[in-house]
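Written below as structure tokens is the structure these notes are about.
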Amino acid sequence: MLDVAEHQSPEERIRLFEALADASGDAIVIARSDDQVLIYANRAAHRLFGCDPERREMLGQDGKRYWPAEDLPLLATLIPRALAGGWTGDLRQRRRDGAIFDVNATIFGLRPNVRRPPLLVAMIRDISERKRMETALKLIQFAVDRSADGFSLIDPDGRFLDVNESLCAAFGLGREELLGKSVLDIDPDVDRDELARLFEVLRRQGRLLLESRHRRRDGSVFPVEILANYLNVDGREYNCCFSRDITERKRAEQALEDSRRSLSELIDAVPDALFAVDAEGRVTIWNREIERMSGVPKEAVIGQGDQAHARAFYGIARPMLIDLVFSEEEPGEEMRALYDQVQRDGDTVLAQVYLPQVYGGRGAHVWGKARPLRDADGRIVGAIEIIRDITEQQEAEKALRLSETRFRSVVSNAPVILFELDESGLFRLMDGRGLESLGLRPGELVGSSVLAFFDGEVPIQRHLDQAIGGAPVQFNARVGQRVFEIFFNPVRDPRGGRVSVIGVALDVTERSEREAELTRFTYTVSHDLKSPLVTIRTFLGFLEQDFVKGDAQRIDKDIGFIRNAAERMSRLLDELLELSRIGRVVNEPTEFPLLEVAREALDLVAGRIVERGVTVELSQTQVLVRGDRPRLVEVLLNLFDNAVKFMGDQPRPRIQVGVESREGEVEVIVTDNGQGIDPRHAHKIFDLFEKLDAGSQGTGIGLTLVRRIIEVHGGRIWVESEGADRGAAFHFTLPAPAPGC
């Protein structure tokens, strides 16, 4: 075969090479190895680096200008490797305008002339888009793994191929356990035929939203909402599912349905005729009384438009009061001719008229009132009209005002903040609904330091250093008044080893407060219950010994100690039970004079008052309070009993009960001239089992009960004392009865 190159001049061969190189989609550059000056760059290279290919701007330029300055040391290490045997890998390059981008490059040496330094030939391909996609894929995978919703990838036979942490947690199963199961193992409502049918529907529609039930490891079943998506990758079919526990939503829906049913029953119980229409004039409400008045059943008009409400009254379509609501104009002559009286008061229209057709032709004089129904933004979405029979009562009565409560479904998701930190701890990203609890907007803190975000008590710098070092970190931190559980997860940049931190913050304020309160309560209860148990155990041992000895006197004494300890434990348990009931088991609130309650409490403690010779002075101010009367008697009984108990050696013991009325509340003051209270300990007196005098009778729960009862009534309680033998004054407040109660 004839070698074409033998019949070409060097110039022709160079032009042929340039034509072939310019036809390549990849960038090709050639540079001298000693100084990296470019001696050739094809058109693709010029376009890639932002240079003019027609003018061949790159030729003769220093090739290092197309490298980021911080990556030039890497170039120095690559040149020997490229000349020795070639090098292939990912790099960063710099365009003429300074923009940095990612490439995949193959670099090798070429020695066209032994008397000159070898050349470097580089074939370069832009992979910026691929890098962006890889980063996006990592973020998506992280979001899926941390999603509150369960995620699963399922084959057509219902077998789990992939699951996220939330789905495993929902079932109480490990990931490997769940991957060994199928939909038939966890869904009690689906059999194999139904599974095949659902997948066929999904195959046709591409997307399917349905509700079902799932079974946990312990056998319990919970409702879920499933969003299924059909995927076909390289001929293989998949079902990509997102499942959400909708237990709370189902409860809310049931509550909403119950409320709607109650509202419907309430509307039907209204003694006036009542109906409503939406913005298009379709009837939405038609109560029982209007059925009786018009003789038209609800089923015949609900959902009907074209003034169906008027036909029910007049037999023809004609304007009624409710139709004027949608117009801001004053009633015209036509409406004035139809009604005896008609007027507008703001957005409300009122009228009187005689209706001869109602009540089966008996007729009635009626008063009517129509007004708009508005949404949360104030837009008119409908209107309501009330019609009252005033045949026997010509004077208009107060209009019936109907309150409608709009219910909103609440997302049972814990508040979450998602953020990203760079190596120095600056926020790159901050988003998520959890920011609302801190009054922050998404992105508001981008560029600021994480060290200033959390309280100084938490070693944020140490946690950040751990995460940058490649170790996931979990810790709790306070931000303002909120407590968050924080997760730091390192993410490494494969190009140069740089690390950033992806973080998640979960609001656990309420959980922390409950745990602290439970810890305090458990410690206090266990401490005070242990004391009588120790006494019982000790004297049971003595009792055994005394039985052996036959010492009857000591046996009676042992039994007495055991009985007293058991009775104390019984009192403790009874009063703890009583404390737990405060706020749950209540009597119907009533209104009564405070003086009566005070006298009733004094009657209950009269024996001790007479025995101790205590003088009681009651304020004769007549004040009404509203609340749980037996509970408030219990409050005063405890305070009186407490005052008598701690009178000490006072020769003329006295209790005074004063009352002060202020706007919106009543303050009661129970003052005694007894032993008094050290002001340093006054703040502890209402705590559970707190007894400032360890030798006194009682369990230390009485004043705790008093505080709980007052707080349940919406009041406050406190004590004032100047010290030992100076007496004490217990103050508590109660809301005053609302006018008209």
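Labels for the structure tokens follow display order: chains A, B, ..., residues from 1 in each chain, ligands from 1.
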
**Message:** I want to know what sits within 8 Å of A:Ile460, based on only C-alpha atoms, with residues of the same chain fewer than 4 positions away left out; could you give that as a list in words?
**Reply:** Val450, Leu451, Phe454 and Leu464 of chain A

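If you count only C-alpha atoms and ignore residues fewer than 5 places along the chain from A:Glu588, what sits within 12 Å of it is Arg626, Gly627, Asp628, Arg629, Pro630 and Arg631 of chain A.
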
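The environment of stretch 37-39 of chain A within 7 Å, counting only C-alpha atoms and disregarding residues fewer than 4 places along the same chain, consists of Ile30, Ala31, Arg32, Met58, Leu59, Gly60, Gln61, Asp62 and Gly63 of chain A.
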
Write the selection just made, keeping all heavy atoms, as a compact mmCIF listing (two decimals), in the first residue's frame?
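Dumped everything to again23.txt:
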```txt
# COMPACT_ATOMS: atom_id res chain seq x y z
N ILE A 30 -0.09 21.43 23.31
CA ILE A 30 1.30 20.96 23.31
C ILE A 30 2.14 22.10 23.85
O ILE A 30 2.01 23.26 23.44
CB ILE A 30 1.77 20.56 21.90
CG1 ILE A 30 0.85 19.46 21.33
CG2 ILE A 30 3.21 20.09 21.94
CD1 ILE A 30 1.19 19.07 19.90
N ALA A 31 3.01 21.77 24.82
CA ALA A 31 3.86 22.78 25.44
C ALA A 31 5.27 22.25 25.57
O ALA A 31 5.50 21.04 25.64
CB ALA A 31 3.32 23.17 26.81
N ARG A 32 6.22 23.19 25.62
CA ARG A 32 7.61 22.79 25.87
C ARG A 32 7.72 22.35 27.33
O ARG A 32 7.15 22.98 28.23
CB ARG A 32 8.56 23.93 25.58
CG ARG A 32 8.56 24.36 24.10
CD ARG A 32 9.80 25.16 23.77
NE ARG A 32 9.83 26.43 24.51
CZ ARG A 32 9.47 27.61 24.00
NH1 ARG A 32 9.08 27.69 22.74
NH2 ARG A 32 9.52 28.70 24.74
N MET A 58 -3.79 31.34 22.30
CA MET A 58 -3.05 30.61 23.33
C MET A 58 -1.60 30.35 22.93
O MET A 58 -0.75 30.11 23.81
CB MET A 58 -3.74 29.28 23.64
CG MET A 58 -5.13 29.42 24.24
SD MET A 58 -5.94 27.83 24.57
CE MET A 58 -4.92 27.20 25.89
N LEU A 59 -1.29 30.37 21.65
CA LEU A 59 0.05 30.02 21.19
C LEU A 59 1.06 31.03 21.69
O LEU A 59 0.85 32.25 21.65
CB LEU A 59 0.08 29.94 19.68
CG LEU A 59 -0.90 28.93 19.03
CD1 LEU A 59 -0.65 28.82 17.54
CD2 LEU A 59 -0.74 27.57 19.68
N GLY A 60 2.16 30.51 22.21
CA GLY A 60 3.23 31.37 22.71
C GLY A 60 3.03 31.81 24.15
O GLY A 60 3.90 32.48 24.70
N GLN A 61 1.91 31.48 24.74
CA GLN A 61 1.65 31.90 26.12
C GLN A 61 2.21 30.87 27.10
O GLN A 61 2.39 29.70 26.76
CB GLN A 61 0.15 32.07 26.36
CG GLN A 61 -0.46 33.22 25.58
CD GLN A 61 -1.92 33.44 25.94
OE1 GLN A 61 -2.48 32.66 26.71
NE2 GLN A 61 -2.52 34.48 25.39
N ASP A 62 2.45 31.35 28.31
CA ASP A 62 2.91 30.47 29.39
C ASP A 62 1.73 29.58 29.82
O ASP A 62 0.70 30.09 30.26
CB ASP A 62 3.40 31.31 30.57
CG ASP A 62 4.04 30.44 31.65
OD1 ASP A 62 3.90 29.21 31.59
OD2 ASP A 62 4.67 31.01 32.56
N GLY A 63 1.91 28.28 29.68
CA GLY A 63 0.82 27.37 30.01
C GLY A 63 0.43 27.41 31.47
O GLY A 63 -0.70 27.04 31.83
```

**Asked** Out of A:Pro223, A:Gly368, A:Pro442, A:Pro80, which residue has the shortest atom-to-atom distance to A:Gln343 when counting only C-alpha atoms?
**Response** A:Gly368

**Prompt:** If we count only C-alpha atoms, what is near A:Gly25 at a cut-off of 10 Å, once residues fewer than 3 positions away on the same chain are taken out, given as a ChimeraX atom specification?
**Reply:** /A:21-22,28,42-45,124-125

Select from stretch 116-183 of chain A every residue with an atom at most 12 Å from any atom of stretch 65-79 of chain A, then for each give the shortest pair of atoms and their distance in Å to one decimal, using only C-alpha atoms, rows by chain and rising number, as JSON lines.
```
{"residue": "A:Pro118", "atom": "CA", "partner": "A:Ile79", "partner_atom": "CA", "distance": 10.7}
{"residue": "A:Leu119", "atom": "CA", "partner": "A:Ile79", "partner_atom": "CA", "distance": 10.1}
{"residue": "A:Leu120", "atom": "CA", "partner": "A:Ile79", "partner_atom": "CA", "distance": 7.9}
{"residue": "A:Val121", "atom": "CA", "partner": "A:Ile79", "partner_atom": "CA", "distance": 10.5}
{"residue": "A:Ala122", "atom": "CA", "partner": "A:Ile79", "partner_atom": "CA", "distance": 10.9}
```

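The gap separating atom CA of A:Val616 from atom CA of A:Arg662 is 24.4 Å, in Å to one decimal.
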
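Near A:Thr671, within 10 Å and counting only C-alpha atoms, sit Val616, Glu617, Leu639, Phe640, Ala643, Arg654, Ile655, Gln656, Val657, Gly658, Val668, Gly674, Val719, Glu720, Ser721, Gly727, Ala728, Ala729, Phe730 and His731 of chain A, not including residues fewer than 3 positions from it in the same chain.
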
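Using only C-alpha atoms, the shortest contact distance between A:Val458 and any of A:Asp90, A:Pro472, A:Val296, A:Val483 is found at A:Val483.
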
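Atom CA of A:Leu83 to atom CA of A:Tyr40 spans 17.7 Å [interatomic distance, one decimal].
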
**Request:** From stretch 63-255 of chain A, collect each residue whose DSSP state is strand (DSSP E or B) and return the set as a PyMOL selection string.
**Result:** chain A and resi 87-94+100-110+119-126+150-154+159-163+182+207-215+221-233+236-245

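Among the candidate residues A:Ile290, A:Ala276, A:Leu438, A:Leu321, the one lying nearest to A:Leu373 is A:Ala276, with distances computed using only C-alpha atoms.
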
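Shortest separation to A:Leu421 among A:Gly469, A:Pro372, A:Gly363, A:Gly503 occurs at residue A:Gly503, atoms counted being only C-alpha atoms.
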